[in-house]
>>> print(open('start_36.txt').read())   # compact mmCIF, C-alpha atoms
# COMPACT_ATOMS: atom_id res chain seq x y z
CA MET K 1 66.02 -72.83 34.11
CA HIS K 2 65.01 -69.30 35.15
CA THR K 3 65.08 -66.57 32.52
CA PHE K 4 68.07 -64.32 32.07
CA ALA K 5 69.37 -61.90 29.50
CA TYR K 6 72.22 -63.07 27.31
CA ALA K 7 75.08 -60.87 26.16
CA ARG K 8 77.87 -61.82 23.79
CA PRO K 9 80.38 -58.95 23.81
CA ALA K 10 82.99 -58.82 21.05
CA THR K 11 85.57 -56.87 23.03
CA LEU K 12 87.08 -56.98 26.48
CA ALA K 13 86.07 -53.37 27.09
CA GLU K 14 82.41 -54.21 26.47
CA ALA K 15 82.60 -57.17 28.82
CA VAL K 16 84.18 -55.08 31.58
CA ALA K 17 81.51 -52.38 31.11
CA LEU K 18 78.74 -54.99 31.39
CA LEU K 19 80.33 -56.51 34.50
CA GLU K 20 80.76 -53.12 36.09
CA ALA K 21 77.16 -52.12 35.31
CA HIS K 22 75.56 -55.30 36.62
CA GLY K 23 77.93 -56.33 39.42
CA PRO K 24 76.79 -59.47 41.20
CA ALA K 25 73.70 -59.73 38.96
CA ALA K 26 75.97 -60.76 36.08
CA ARG K 27 77.78 -64.07 35.61
CA LEU K 28 80.48 -64.84 33.08
CA LEU K 29 80.00 -67.86 30.82
CA ALA K 30 83.03 -69.61 29.33
CA GLY K 31 82.77 -73.42 29.13
CA GLY K 32 79.57 -73.49 31.18
CA THR K 33 80.30 -76.88 32.74
CA ASP K 34 79.72 -75.44 36.21
CA LEU K 35 77.59 -72.38 35.45
CA VAL K 36 74.89 -74.14 33.42
CA ILE K 37 74.42 -76.68 36.22
CA ARG K 38 73.99 -73.82 38.70
CA LEU K 39 71.63 -71.91 36.40
CA ARG K 40 69.50 -75.02 36.21
CA ASP K 41 69.46 -75.89 39.92
CA GLY K 42 68.89 -72.25 40.87
CA THR K 43 72.03 -71.79 43.00
CA ALA K 44 73.05 -69.08 40.52
CA ARG K 45 70.29 -66.68 39.48
CA PRO K 46 71.98 -63.95 37.44
CA ALA K 47 69.92 -61.37 35.57
CA VAL K 48 72.59 -61.35 32.87
CA VAL K 49 74.80 -64.08 31.49
CA ILE K 50 77.85 -62.71 29.66
CA ASP K 51 79.29 -65.17 27.16
CA VAL K 52 83.02 -64.43 26.81
CA LYS K 53 83.74 -66.79 23.92
CA GLN K 54 83.42 -64.17 21.16
CA ILE K 55 85.87 -61.77 22.81
CA ALA K 56 88.85 -61.54 20.47
CA GLU K 57 91.44 -61.15 23.26
CA LEU K 58 90.23 -64.32 25.01
CA ARG K 59 90.22 -66.69 22.00
CA PRO K 60 91.76 -70.09 22.69
CA ALA K 61 95.53 -69.65 22.53
CA ILE K 62 98.69 -70.77 24.29
CA HIS K 63 101.73 -68.66 23.46
CA GLU K 64 105.15 -67.69 24.81
CA ASP K 65 105.75 -64.10 25.78
CA GLY K 66 108.89 -62.81 27.47
CA GLY K 67 109.82 -65.92 29.42
CA ARG K 68 106.23 -66.83 30.27
CA LEU K 69 103.73 -69.26 28.81
CA VAL K 70 100.38 -67.49 28.49
CA ILE K 71 97.16 -69.53 28.44
CA SER K 72 94.17 -67.44 27.34
CA ALA K 73 90.80 -67.54 29.09
CA GLY K 74 89.15 -69.34 26.17
CA THR K 75 91.56 -72.30 26.29
CA VAL K 76 89.89 -75.60 27.20
CA MET K 77 91.37 -78.44 29.26
CA THR K 78 91.76 -80.73 26.22
CA ASP K 79 94.11 -78.18 24.64
CA VAL K 80 96.02 -77.51 27.87
CA ALA K 81 96.56 -81.26 28.32
CA SER K 82 97.80 -81.84 24.76
CA ASP K 83 99.90 -78.70 24.24
CA GLU K 84 103.56 -79.59 23.63
CA ARG K 85 104.95 -76.59 25.53
CA VAL K 86 102.73 -77.29 28.54
CA ARG K 87 103.74 -80.96 28.51
CA ARG K 88 107.43 -80.10 28.24
CA SER K 89 107.70 -77.27 30.77
CA PHE K 90 104.67 -77.85 33.03
CA PRO K 91 103.94 -81.59 32.86
CA ALA K 92 102.04 -81.67 36.16
CA LEU K 93 99.59 -79.08 34.80
CA ALA K 94 99.08 -81.19 31.67
CA GLU K 95 98.44 -84.22 33.91
CA ALA K 96 95.93 -82.31 36.00
CA ALA K 97 94.07 -80.92 32.98
CA ALA K 98 93.88 -84.44 31.52
CA VAL K 99 91.92 -85.81 34.51
CA VAL K 100 89.32 -83.07 34.89
CA GLY K 101 85.86 -84.57 34.30
CA SER K 102 85.42 -86.56 31.10
CA VAL K 103 86.33 -85.95 27.45
CA GLN K 104 83.02 -84.09 27.08
CA ILE K 105 83.84 -81.84 30.04
CA ARG K 106 87.47 -81.25 29.02
CA ASN K 107 86.35 -80.21 25.53
CA ARG K 108 84.32 -77.43 27.08
CA ALA K 109 85.76 -76.50 30.50
CA THR K 110 88.47 -73.82 30.51
CA LEU K 111 91.55 -73.63 32.71
CA VAL K 112 90.64 -70.07 33.66
CA GLY K 113 87.10 -71.16 34.56
CA ASN K 114 88.51 -73.86 36.84
CA VAL K 115 90.55 -71.20 38.64
CA CYS K 116 87.73 -68.63 38.80
CA ASN K 117 85.28 -71.13 40.29
CA ALA K 118 87.78 -71.44 43.14
CA SER K 119 86.60 -74.92 44.03
CA PRO K 120 88.77 -76.36 46.82
CA ALA K 121 88.91 -79.55 44.71
CA ALA K 122 89.99 -77.82 41.48
CA ASP K 123 92.46 -80.25 39.94
CA THR K 124 94.55 -77.64 38.18
CA ALA K 125 95.01 -75.44 41.27
CA PRO K 126 97.84 -77.41 42.96
CA SER K 127 100.01 -77.46 39.84
CA LEU K 128 99.40 -73.75 39.19
CA LEU K 129 100.54 -73.08 42.78
CA VAL K 130 103.64 -75.24 42.37
CA TYR K 131 104.54 -73.53 39.08
CA ASP K 132 103.98 -70.08 40.61
CA ALA K 133 101.32 -69.05 38.09
CA THR K 134 99.90 -65.55 37.79
CA VAL K 135 96.25 -64.71 37.14
CA VAL K 136 95.86 -61.79 34.71
CA ALA K 137 92.70 -59.74 35.23
CA GLU K 138 91.32 -56.83 33.25
CA GLY K 139 89.03 -54.38 34.98
CA PRO K 140 87.82 -50.80 35.12
CA GLY K 141 91.21 -49.82 36.60
CA GLY K 142 93.26 -51.59 33.94
CA THR K 143 95.28 -54.80 34.07
CA ARG K 144 96.15 -56.53 37.34
CA ARG K 145 98.52 -59.48 37.80
CA ILE K 146 97.63 -61.59 40.82
CA PRO K 147 99.85 -64.45 42.08
CA VAL K 148 97.59 -67.50 42.07
CA ASP K 149 98.32 -68.04 45.79
CA ASP K 150 96.72 -64.63 46.46
CA PHE K 151 93.73 -65.38 44.22
CA PHE K 152 91.86 -68.12 46.08
CA VAL K 153 89.85 -67.20 49.19
CA ARG K 154 87.37 -70.03 49.67
CA SER K 155 84.96 -72.08 47.58
CA GLY K 156 83.55 -69.82 44.89
CA VAL K 157 85.29 -66.71 46.27
CA THR K 158 88.38 -65.06 44.82
CA THR K 159 90.15 -61.73 45.25
CA LEU K 160 88.76 -60.46 41.93
CA ALA K 161 87.16 -57.03 42.30
CA ARG K 162 83.88 -55.83 40.79
CA GLY K 163 84.13 -55.44 37.04
CA GLU K 164 87.25 -57.60 36.73
CA ILE K 165 87.51 -60.46 34.25
CA VAL K 166 90.36 -62.96 34.10
CA THR K 167 91.92 -62.88 30.64
CA ALA K 168 94.76 -65.40 31.03
CA ILE K 169 96.97 -67.51 33.24
CA GLU K 170 100.71 -66.89 32.97
CA LEU K 171 103.33 -69.47 33.88
CA PRO K 172 106.95 -68.36 34.25
CA LEU K 173 109.14 -70.69 32.18
CA PRO K 174 111.28 -72.48 34.77
CA ALA K 175 114.72 -70.97 35.29
CA ARG K 176 115.81 -74.16 37.06
CA LYS K 177 115.28 -77.79 36.28
CA MET K 178 112.24 -79.13 38.11
CA GLY K 179 110.65 -82.53 38.46
CA ALA K 180 106.91 -82.35 39.18
CA VAL K 181 103.85 -84.56 39.23
CA HIS K 182 100.11 -84.28 39.83
CA MET K 183 98.28 -87.02 41.76
CA ARG K 184 94.72 -87.39 42.96
CA ARG K 185 92.45 -89.74 44.85
CA THR K 186 88.90 -90.32 43.60
CA ARG K 187 86.09 -92.69 44.56
CA ARG K 188 86.20 -94.34 41.17
CA ARG K 189 88.43 -94.33 38.13
CA GLY K 190 87.19 -92.10 35.36
CA HIS K 191 84.87 -89.17 35.82
CA ASP K 192 84.86 -88.05 39.47
CA LEU K 193 85.74 -85.12 41.71
CA ALA K 194 88.92 -85.50 43.75
CA SER K 195 88.88 -86.48 47.42
CA VAL K 196 92.49 -85.31 47.50
CA THR K 197 94.29 -83.50 44.67
CA LEU K 198 97.99 -82.77 45.00
CA CYS K 199 101.07 -81.58 43.14
CA CYS K 200 104.71 -81.84 44.17
CA GLY K 201 107.66 -80.15 42.46
CA VAL K 202 111.35 -80.52 43.32
CA ASP K 203 113.98 -78.30 41.67
CA ASP K 204 117.75 -78.60 41.30
CA ALA K 205 118.28 -76.09 44.13
CA GLU K 206 116.65 -78.72 46.40
CA VAL K 207 113.52 -76.63 46.97
CA THR K 208 110.33 -78.68 47.29
CA ARG K 209 106.97 -77.10 46.52
CA LEU K 210 103.92 -79.06 47.62
CA ALA K 211 100.35 -77.94 46.93
CA TYR K 212 97.14 -79.73 47.75
CA GLY K 213 93.39 -79.29 47.50
CA SER K 214 90.05 -80.82 48.44
CA VAL K 215 91.14 -80.92 52.11
CA GLY K 216 90.06 -77.44 53.21
CA PRO K 217 88.33 -74.26 52.06
CA ARG K 218 91.02 -73.45 49.47
CA PRO K 219 94.05 -75.07 47.83
CA VAL K 220 97.25 -74.65 49.86
CA LEU K 221 100.91 -74.20 48.83
CA MET K 222 103.78 -75.18 51.15
CA ILE K 223 107.49 -74.77 50.41
CA ASP K 224 110.44 -76.62 51.96
CA GLU K 225 113.77 -74.91 51.41
CA SER K 226 115.72 -77.07 53.90
CA GLY K 227 116.65 -79.53 51.15
CA VAL K 228 115.63 -82.48 53.33
CA LEU K 229 112.52 -83.41 51.32
CA ALA K 230 114.41 -83.05 48.03
CA ASP K 231 117.25 -85.29 49.23
CA PRO K 232 116.66 -88.83 47.91
CA ALA K 233 119.08 -90.14 50.58
CA ALA K 234 117.35 -88.45 53.53
CA ALA K 235 115.66 -90.84 55.95
CA ASP K 236 111.86 -91.02 56.15
CA GLU K 237 112.17 -90.05 59.84
CA ALA K 238 113.84 -86.79 58.80
CA LYS K 239 111.14 -86.05 56.22
CA ALA K 240 108.16 -86.91 58.41
CA PRO K 241 108.16 -83.79 60.62
CA ILE K 242 108.51 -81.53 57.55
CA PHE K 243 105.57 -83.26 55.87
CA GLU K 244 103.57 -82.84 59.09
CA ARG K 245 104.22 -79.08 59.10
CA MET K 246 103.19 -78.91 55.44
CA PHE K 247 99.93 -80.75 56.09
CA ALA K 248 99.08 -78.83 59.27
CA ASP K 249 96.70 -76.52 57.37
CA ALA K 250 94.59 -79.37 55.98
CA SER K 251 91.08 -79.28 57.44
CA PRO K 252 88.70 -81.45 55.39
CA SER K 253 84.98 -80.84 55.79
CA PRO K 254 83.14 -83.47 57.85
CA ARG K 255 80.02 -82.79 55.75
CA SER K 256 81.38 -83.91 52.38
CA MET K 257 79.89 -87.12 51.00
CA ARG K 258 82.98 -87.90 48.92
CA ALA K 259 85.27 -88.97 51.76
CA SER K 260 85.62 -88.66 55.53
CA PRO K 261 88.16 -86.21 56.99
CA GLU K 262 90.14 -89.15 58.44
CA TYR K 263 90.41 -90.80 55.02
CA ARG K 264 91.41 -87.58 53.28
CA LEU K 265 94.10 -86.78 55.84
CA ALA K 266 95.50 -90.31 55.59
CA MET K 267 95.51 -90.21 51.78
CA LEU K 268 97.06 -86.74 51.77
CA ARG K 269 100.11 -88.24 53.51
CA VAL K 270 100.24 -91.25 51.18
CA LEU K 271 99.93 -89.13 48.03
CA GLY K 272 102.40 -86.56 49.38
CA ALA K 273 105.10 -89.19 49.92
CA ARG K 274 104.42 -90.85 46.55
CA ALA K 275 104.41 -87.55 44.67
CA LEU K 276 107.68 -86.50 46.31
CA ARG K 277 109.37 -89.74 45.19
CA THR K 278 108.06 -89.32 41.64
CA ALA K 279 109.10 -85.65 41.51
CA ILE K 280 112.65 -86.57 42.66
CA ASP K 281 112.80 -89.34 40.05
CA ARG K 282 111.63 -87.02 37.29
CA LEU K 283 114.19 -84.39 38.29
CA ALA K 284 116.93 -87.03 38.13
CA GLN K 285 115.73 -88.17 34.70
CA GLY K 286 115.80 -84.56 33.50
CA MET P 1 75.93 -58.53 19.60
CA SER P 2 76.42 -56.93 22.97
CA GLU P 3 72.86 -55.79 23.63
CA MET P 4 71.09 -58.08 26.08
CA ILE P 5 68.36 -60.31 24.82
CA GLN P 6 66.27 -63.20 26.05
CA THR P 7 65.61 -64.80 22.66
CA VAL P 8 68.18 -65.15 19.92
CA LEU P 9 68.03 -66.09 16.24
CA ILE P 10 70.70 -68.73 15.70
CA GLU P 11 71.93 -70.52 12.60
CA LEU P 12 73.60 -73.86 12.86
CA THR P 13 74.24 -76.96 10.80
CA VAL P 14 72.82 -80.15 12.28
CA ASN P 15 73.78 -83.43 10.63
CA GLY P 16 74.70 -81.56 7.47
CA ARG P 17 71.46 -79.58 7.26
CA ARG P 18 71.40 -75.79 7.76
CA ARG P 19 68.90 -74.67 10.37
CA ALA P 20 67.83 -71.21 11.51
CA LEU P 21 65.61 -70.80 14.54
CA THR P 22 64.84 -68.50 17.41
CA VAL P 23 65.82 -69.91 20.79
CA ALA P 24 65.36 -68.75 24.35
CA ALA P 25 68.60 -67.77 26.10
CA ASN P 26 67.82 -70.20 28.91
CA HIS P 27 67.28 -73.22 26.65
CA THR P 28 70.08 -75.70 26.19
CA LEU P 29 71.32 -77.23 22.97
CA LEU P 30 69.74 -80.46 24.24
CA ASP P 31 66.33 -78.75 24.60
CA VAL P 32 66.52 -77.35 21.09
CA LEU P 33 67.66 -80.59 19.46
CA ARG P 34 64.89 -82.59 21.08
CA ASP P 35 61.99 -80.14 21.31
CA ASP P 36 62.51 -77.74 18.40
CA LEU P 37 64.30 -79.94 15.85
CA GLU P 38 62.61 -83.17 17.01
CA LEU P 39 65.90 -85.05 17.01
CA THR P 40 65.06 -87.24 19.98
CA GLY P 41 67.92 -89.70 19.56
CA THR P 42 69.94 -87.50 21.92
CA LYS P 43 68.75 -88.34 25.43
CA GLU P 44 68.11 -86.23 28.50
CA CYS P 45 69.18 -87.89 31.73
CA CYS P 46 71.33 -86.50 34.57
CA LEU P 47 71.47 -82.85 33.43
CA VAL P 48 74.73 -82.29 35.32
CA GLY P 49 77.31 -83.56 32.83
CA GLU P 50 77.91 -86.88 34.56
CA CYS P 51 76.17 -89.49 32.39
CA GLY P 52 76.87 -88.56 28.76
CA ALA P 53 73.43 -89.58 27.45
CA CYS P 54 73.14 -86.16 25.79
CA THR P 55 76.54 -86.34 24.05
CA VAL P 56 76.71 -84.64 20.65
CA SER P 57 79.57 -83.41 18.52
CA LEU P 58 79.94 -79.62 18.43
CA ASP P 59 82.42 -78.33 15.85
CA GLY P 60 84.13 -81.71 15.83
CA ARG P 61 84.41 -82.16 19.59
CA ILE P 62 82.03 -84.08 21.82
CA VAL P 63 80.18 -82.18 24.53
CA ASP P 64 77.35 -82.78 26.98
CA SER P 65 74.54 -80.90 25.21
CA CYS P 66 72.75 -80.43 28.56
CA LEU P 67 75.58 -78.08 29.59
CA VAL P 68 75.63 -76.00 26.40
CA LEU P 69 73.18 -73.15 25.93
CA ALA P 70 71.54 -73.26 22.50
CA VAL P 71 72.79 -69.74 21.76
CA GLU P 72 76.35 -71.01 22.21
CA ALA P 73 75.80 -73.30 19.21
CA ASP P 74 75.16 -70.33 16.92
CA ARG P 75 77.14 -70.86 13.67
CA ALA P 76 78.31 -74.29 14.85
CA GLN P 77 78.37 -77.70 13.21
CA VAL P 78 76.45 -80.24 15.28
CA THR P 79 76.35 -84.00 14.77
CA THR P 80 73.86 -86.12 16.71
CA VAL P 81 73.35 -89.89 16.64
CA GLU P 82 70.93 -89.36 13.75
CA GLY P 83 73.88 -88.10 11.71
CA LEU P 84 76.06 -91.19 12.09
CA ALA P 85 74.32 -93.38 9.51
CA VAL P 86 75.98 -93.52 6.09
CA ASP P 87 73.64 -93.37 3.05
CA GLY P 88 70.75 -94.57 5.15
CA HIS P 89 72.66 -97.54 6.57
CA VAL P 90 74.05 -97.95 10.07
CA SER P 91 77.75 -97.12 10.36
CA PRO P 92 80.28 -99.94 10.94
CA LEU P 93 80.47 -98.86 14.59
CA GLN P 94 76.68 -99.01 14.98
CA GLN P 95 76.67 -102.47 13.38
CA ALA P 96 79.44 -103.59 15.75
CA PHE P 97 77.36 -102.43 18.76
CA LEU P 98 74.53 -104.65 17.50
CA ASP P 99 76.81 -107.60 16.72
CA LYS P 100 78.51 -107.55 20.11
CA GLY P 101 75.29 -107.25 22.11
CA ALA P 102 76.33 -103.83 23.41
CA VAL P 103 72.77 -102.51 23.19
CA GLN P 104 70.56 -103.64 26.05
CA CYS P 105 67.98 -101.05 27.15
CA GLY P 106 69.54 -98.68 24.61
CA PHE P 107 69.09 -95.42 26.48
CA CYS P 108 72.80 -94.54 26.76
CA ILE P 109 73.66 -95.83 23.29
CA PRO P 110 73.23 -92.59 21.27
CA GLY P 111 75.73 -90.88 23.56
CA GLN P 112 78.06 -93.89 23.56
CA LEU P 113 78.01 -93.97 19.75
CA VAL P 114 78.72 -90.28 19.31
CA ALA P 115 81.58 -90.50 21.85
CA ALA P 116 82.99 -93.67 20.29
CA HIS P 117 82.81 -92.18 16.78
CA ALA P 118 84.80 -89.17 18.02
CA LEU P 119 87.32 -91.43 19.74
CA LEU P 120 87.90 -93.49 16.59
CA ALA P 121 88.12 -90.37 14.42
CA GLU P 122 90.98 -89.12 16.58
CA ASN P 123 92.55 -92.48 17.40
CA PRO P 124 91.60 -95.16 14.83
CA HIS P 125 93.29 -97.97 16.78
CA PRO P 126 92.75 -97.32 20.49
CA THR P 127 93.88 -99.65 23.27
CA VAL P 128 91.37 -100.90 25.84
CA PRO P 129 92.50 -98.29 28.43
CA GLU P 130 92.19 -95.59 25.76
CA ILE P 131 88.63 -96.74 24.99
CA GLN P 132 87.79 -96.77 28.70
CA GLU P 133 89.16 -93.25 29.10
CA GLY P 134 87.51 -92.02 25.90
CA LEU P 135 84.11 -93.32 27.06
CA ALA P 136 84.52 -92.52 30.79
CA GLY P 137 81.96 -89.75 30.40
CA ASN P 138 79.26 -92.16 29.20
CA LEU P 139 77.54 -94.29 31.84
CA CYS P 140 75.59 -97.47 31.06
CA ARG P 141 73.14 -98.66 33.69
CA CYS P 142 72.89 -102.06 32.00
CA ALA P 143 76.67 -102.29 32.56
CA CYS P 144 77.46 -103.27 28.97
CA TYR P 145 80.93 -101.76 29.23
CA GLN P 146 82.63 -105.00 28.19
CA GLN P 147 80.49 -105.33 25.06
CA ILE P 148 80.78 -101.63 24.21
CA THR P 149 84.56 -101.87 24.46
CA GLU P 150 84.54 -105.00 22.27
CA ALA P 151 82.40 -103.20 19.68
CA VAL P 152 84.85 -100.29 19.50
CA LEU P 153 87.80 -102.70 19.23
CA ALA P 154 86.06 -104.70 16.49
CA THR P 155 85.39 -101.51 14.53
CA ALA P 156 89.03 -100.48 14.87
CA GLU P 157 90.16 -103.91 13.67
CA GLY P 158 88.04 -103.46 10.57
CA THR P 159 89.88 -100.24 9.77
CA ASP P 160 93.16 -100.18 7.85
CA ARG P 161 96.20 -99.26 9.90
>>> encode(input="start_36.txt", output="structure tokens")
Amino acid sequence: MHTFAYARPATLAEAVALLEAHGPAARLLAGGTDLVIRLRDGTARPAVVIDVKQIAELRPAIHEDGGRLVISAGTVMTDVASDERVRRSFPALAEAAAVVGSVQIRNRATLVGNVCNASPAADTAPSLLVYDATVVAEGPGGTRRIPVDDFFVRSGVTTLARGEIVTAIELPLPARKMGAVHMRRTRRRGHDLASVTLCCGVDDAEVTRLAYGSVGPRPVLMIDESGVLADPAAADEAKAPIFERMFADASPSPRSMRASPEYRLAMLRVLGARALRTAIDRLAQG
Amino acid sequence: MSEMIQTVLIELTVNGRRRALTVAANHTLLDVLRDDLELTGTKECCLVGECGACTVSLDGRIVDSCLVLAVEADRAQVTTVEGLAVDGHVSPLQQAFLDKGAVQCGFCIPGQLVAAHALLAENPHPTVPEIQEGLAGNLCRCACYQQITEAVLATAEGTDR
């Protein structure tokens, strides 16, 4: 591993100052499950690594605040997956967090890190899109709240500005009843990256939110307000053209070794239909 | 500590013993365990968090020590495979691995043991799917998964419900 300087700020203000001073020469370290790999293989060569785990404001915590569930930047996947409030109000996010990597990875990897890496295959991204999450960033200009759909650009690139650090993810507690589920396709059971990762949510106003990843440069959110997808009695022939419009933006890379574009596009349709059925069932079960 | 440094004095407890040493910022916990503390039970293998051969317990939770910088373990409690023995004798889980023939080449076993110990500490009577999920981050090239699972089950059966 190349040499770098290590900083362990105790406050958010110090971290922002370091980020602002060093710009692209600095990288933030939370769980390290992606960064340490990149430090070792040389695809990241920062002069400064800023460890955020001693920052008081970012300590692992999930709390309710004014109708939102707030998940701090230090919170690891294991704790997202097991948290009672997440499981009750955002079960598809708990399901997604529970399948990231292995136990070892989930004990270390943070939800915020998963979002900031902006991997197209990030398993938590589809559920965050379905639940209309907000990314909270602190920077030289103060606090900024970014809808997660406006956060992702492409692999490794987000709309964060220089000097900004993500402090939390906020999830609005659902005003309506919703049934939702996360599903994925991998090459093998257990520890693997997704060939398709997908979340579907159906609410009691018959709005269907479908988000998917690993089939293009960034995760995508599509919304059907016609009520046709949400209608358990609607014919498959009526749903098919709506699904096709929702999947029109999928453009899997032909260079990936995980799965061919043809396979991913076929599985996207299979998982989409399955997830819709499960989401409708869960809504009915309350 | 917000000044930037390339070597850091860290203090940690490894297998119950307090240690203080100066580490380079770009050295991993795995490097320090093996090269500085000479605890070579923990193995280096894939170095990308896929295989689990470097699994150790960090503050009660298992991690891939190849993906943790040594400085991140400052003030932490670390348990490696060397810390699993009880009063100089192998633990019941270690004995079960031997009894069930779960140890072939042995290279993955330190990581398997640390992961299985953590699984049983959290869930003393796991089902087979729970064992498979709990050990999904530990690969065995000899493909002893059946025997490893049996060893964990046998250990659980020997524990009071």
>>> atom_distance(input="start_36.txt", atom1="CA of Asp204 in chain K", atom2="CA of Phe90 in chain K")
15.5 Å
>>> residues_near_point(input="start_36.txt", point="(101.0, -86.0, 41.6)", cutoff="12 Å", atoms="only C-alpha atoms", output="ChimeraX atom specification")
/K:91-96,99,123-124,126-127,130,179-185,196-202,209-213,268,270-280,282
>>> closest_atom_pairs(input="start_36.txt", of="chain P", to="chain K", cutoff="8 Å", atoms="all atoms listed in the file", output="Markdown table")
| residue | atom | partner | partner_atom | distance |
| --- | --- | --- | --- | --- |
| P:Met1 | CA | K:Arg8 | CA | 5.7 |
| P:Ser2 | CA | K:Pro9 | CA | 4.5 |
| P:Glu3 | CA | K:Ala7 | CA | 6.1 |
| P:Met4 | CA | K:Ala7 | CA | 4.9 |
| P:Ile5 | CA | K:Ala5 | CA | 5.0 |
| P:Gln6 | CA | K:Ala5 | CA | 4.8 |
| P:Ala25 | CA | K:Tyr6 | CA | 6.1 |
| P:Asn26 | CA | K:Thr3 | CA | 5.8 |
| P:His27 | CA | K:Met1 | CA | 7.6 |
| P:Leu47 | CA | K:Ile37 | CA | 7.4 |
| P:Val48 | CA | K:Ile37 | CA | 5.7 |
| P:Gly49 | CA | K:Ile105 | CA | 7.3 |
| P:Glu50 | CA | K:His191 | CA | 7.4 |
| P:Gly52 | CA | K:Gln104 | CA | 7.8 |
| P:Thr55 | CA | K:Gln104 | CA | 7.5 |
| P:Arg61 | CA | K:Asn107 | CA | 6.5 |
| P:Ile62 | CA | K:Gln104 | CA | 5.4 |
| P:Val63 | CA | K:Gln104 | CA | 4.3 |
| P:Asp64 | CA | K:Gln104 | CA | 5.8 |
| P:Leu67 | CA | K:Val36 | CA | 5.5 |
| P:Val68 | CA | K:Gly32 | CA | 6.7 |
| P:Leu69 | CA | K:Val36 | CA | 7.7 |
| P:Glu133 | CA | K:Gly190 | CA | 6.7 |
| P:Gly134 | CA | K:Val103 | CA | 6.4 |
| P:Leu135 | CA | K:Val103 | CA | 7.7 |
| P:Ala136 | CA | K:Gly190 | CA | 5.3 |
| P:Gly137 | CA | K:Ser102 | CA | 4.8 |
>>> atom_distance(input="start_36.txt", atom1="CA of Thr158 in chain K", atom2="CA of Ser195 in chain K")
21.6 Å
>>> residues_around(input="start_36.txt", residues="range 223-231 of chain K", least_positions_apart="3", cutoff="6 Å", atoms="all atoms listed in the file", output="list in words")
Glu206, Val207, Thr208, Arg209, Ala234 and Lys239 of chain K
>>> atom_distance(input="start_36.txt", atom1="CA of Cys108 in chain P", atom2="CA of Cys45 in chain P")
9.1 Å
>>> residues_around(input="start_36.txt", residues="range 118-124 of chain P", least_positions_apart="5", cutoff="12 Å", atoms="all atoms listed in the file", output="MDAnalysis selection string")
(chainID K and resid 103:104 107) or (chainID P and resid 55:63 79:81 84 92:93 111:113 130:136 149 151:161)
>>> residues_near_point(input="start_36.txt", point="(67.7, -84.5, 19.4)", cutoff="10 Å", atoms="only C-alpha atoms", output="list in words")
Val14, Leu29, Leu30, Asp31, Val32, Leu33, Arg34, Asp35, Asp36, Leu37, Glu38, Leu39, Thr40, Gly41, Thr42, Lys43, Glu44, Cys54, Val56, Ser65, Thr79, Thr80, Val81, Glu82 and Pro110 of chain P
>>> residues_around(input="start_36.txt", residues="range 243-251 of chain K", least_positions_apart="3", cutoff="7 Å", atoms="only C-alpha atoms", output="list of chain:residue names")
K:Val215, K:Gly216, K:Met222, K:Lys239, K:Ala240
>>> closest_residue(input="start_36.txt", among="P:Ala24, P:Cys144, P:Leu12, P:Cys51", to="Gly101 in chain P", atoms="all atoms listed in the file")
P:Cys144
>>> decode(input="start_36.txt", residues="range 56-65 of chain K", atoms="N, CA and C atoms", output="mmCIF file, in the first residue's frame")
data_model
loop_
_atom_site.group_PDB
_atom_site.id
_atom_site.type_symbol
_atom_site.label_atom_id
_atom_site.label_comp_id
_atom_site.auth_asym_id
_atom_site.auth_seq_id
_atom_site.Cartn_x
_atom_site.Cartn_y
_atom_site.Cartn_z
ATOM 1 N N ALA K 56 -17.828 13.024 16.724
ATOM 2 C CA ALA K 56 -18.946 12.807 17.645
ATOM 3 C C ALA K 56 -20.282 12.783 16.909
ATOM 4 N N GLU K 57 -20.470 13.720 15.969
ATOM 5 C CA GLU K 57 -21.772 13.848 15.291
ATOM 6 C C GLU K 57 -22.090 12.649 14.408
ATOM 7 N N LEU K 58 -21.078 11.855 14.060
ATOM 8 C CA LEU K 58 -21.292 10.751 13.114
ATOM 9 C C LEU K 58 -21.360 9.391 13.794
ATOM 10 N N ARG K 59 -21.277 9.381 15.148
ATOM 11 C CA ARG K 59 -21.264 8.095 15.871
ATOM 12 C C ARG K 59 -22.452 7.239 15.473
ATOM 13 N N PRO K 60 -22.282 5.917 15.511
ATOM 14 C CA PRO K 60 -23.374 5.031 15.113
ATOM 15 C C PRO K 60 -24.652 5.336 15.894
ATOM 16 N N ALA K 61 -25.717 5.660 15.167
ATOM 17 C CA ALA K 61 -26.980 5.968 15.839
ATOM 18 C C ALA K 61 -28.112 5.959 14.823
ATOM 19 N N ILE K 62 -29.249 5.428 15.243
ATOM 20 C CA ILE K 62 -30.474 5.503 14.447
ATOM 21 C C ILE K 62 -31.509 6.117 15.372
ATOM 22 N N HIS K 63 -32.049 7.289 14.986
ATOM 23 C CA HIS K 63 -33.033 7.912 15.881
ATOM 24 C C HIS K 63 -34.126 8.598 15.075
ATOM 25 N N GLU K 64 -35.274 8.795 15.747
ATOM 26 C CA GLU K 64 -36.401 9.483 15.108
ATOM 27 C C GLU K 64 -36.313 10.962 15.407
ATOM 28 N N ASP K 65 -36.623 11.764 14.384
ATOM 29 C CA ASP K 65 -36.566 13.209 14.559
ATOM 30 C C ASP K 65 -37.604 13.849 13.628
#
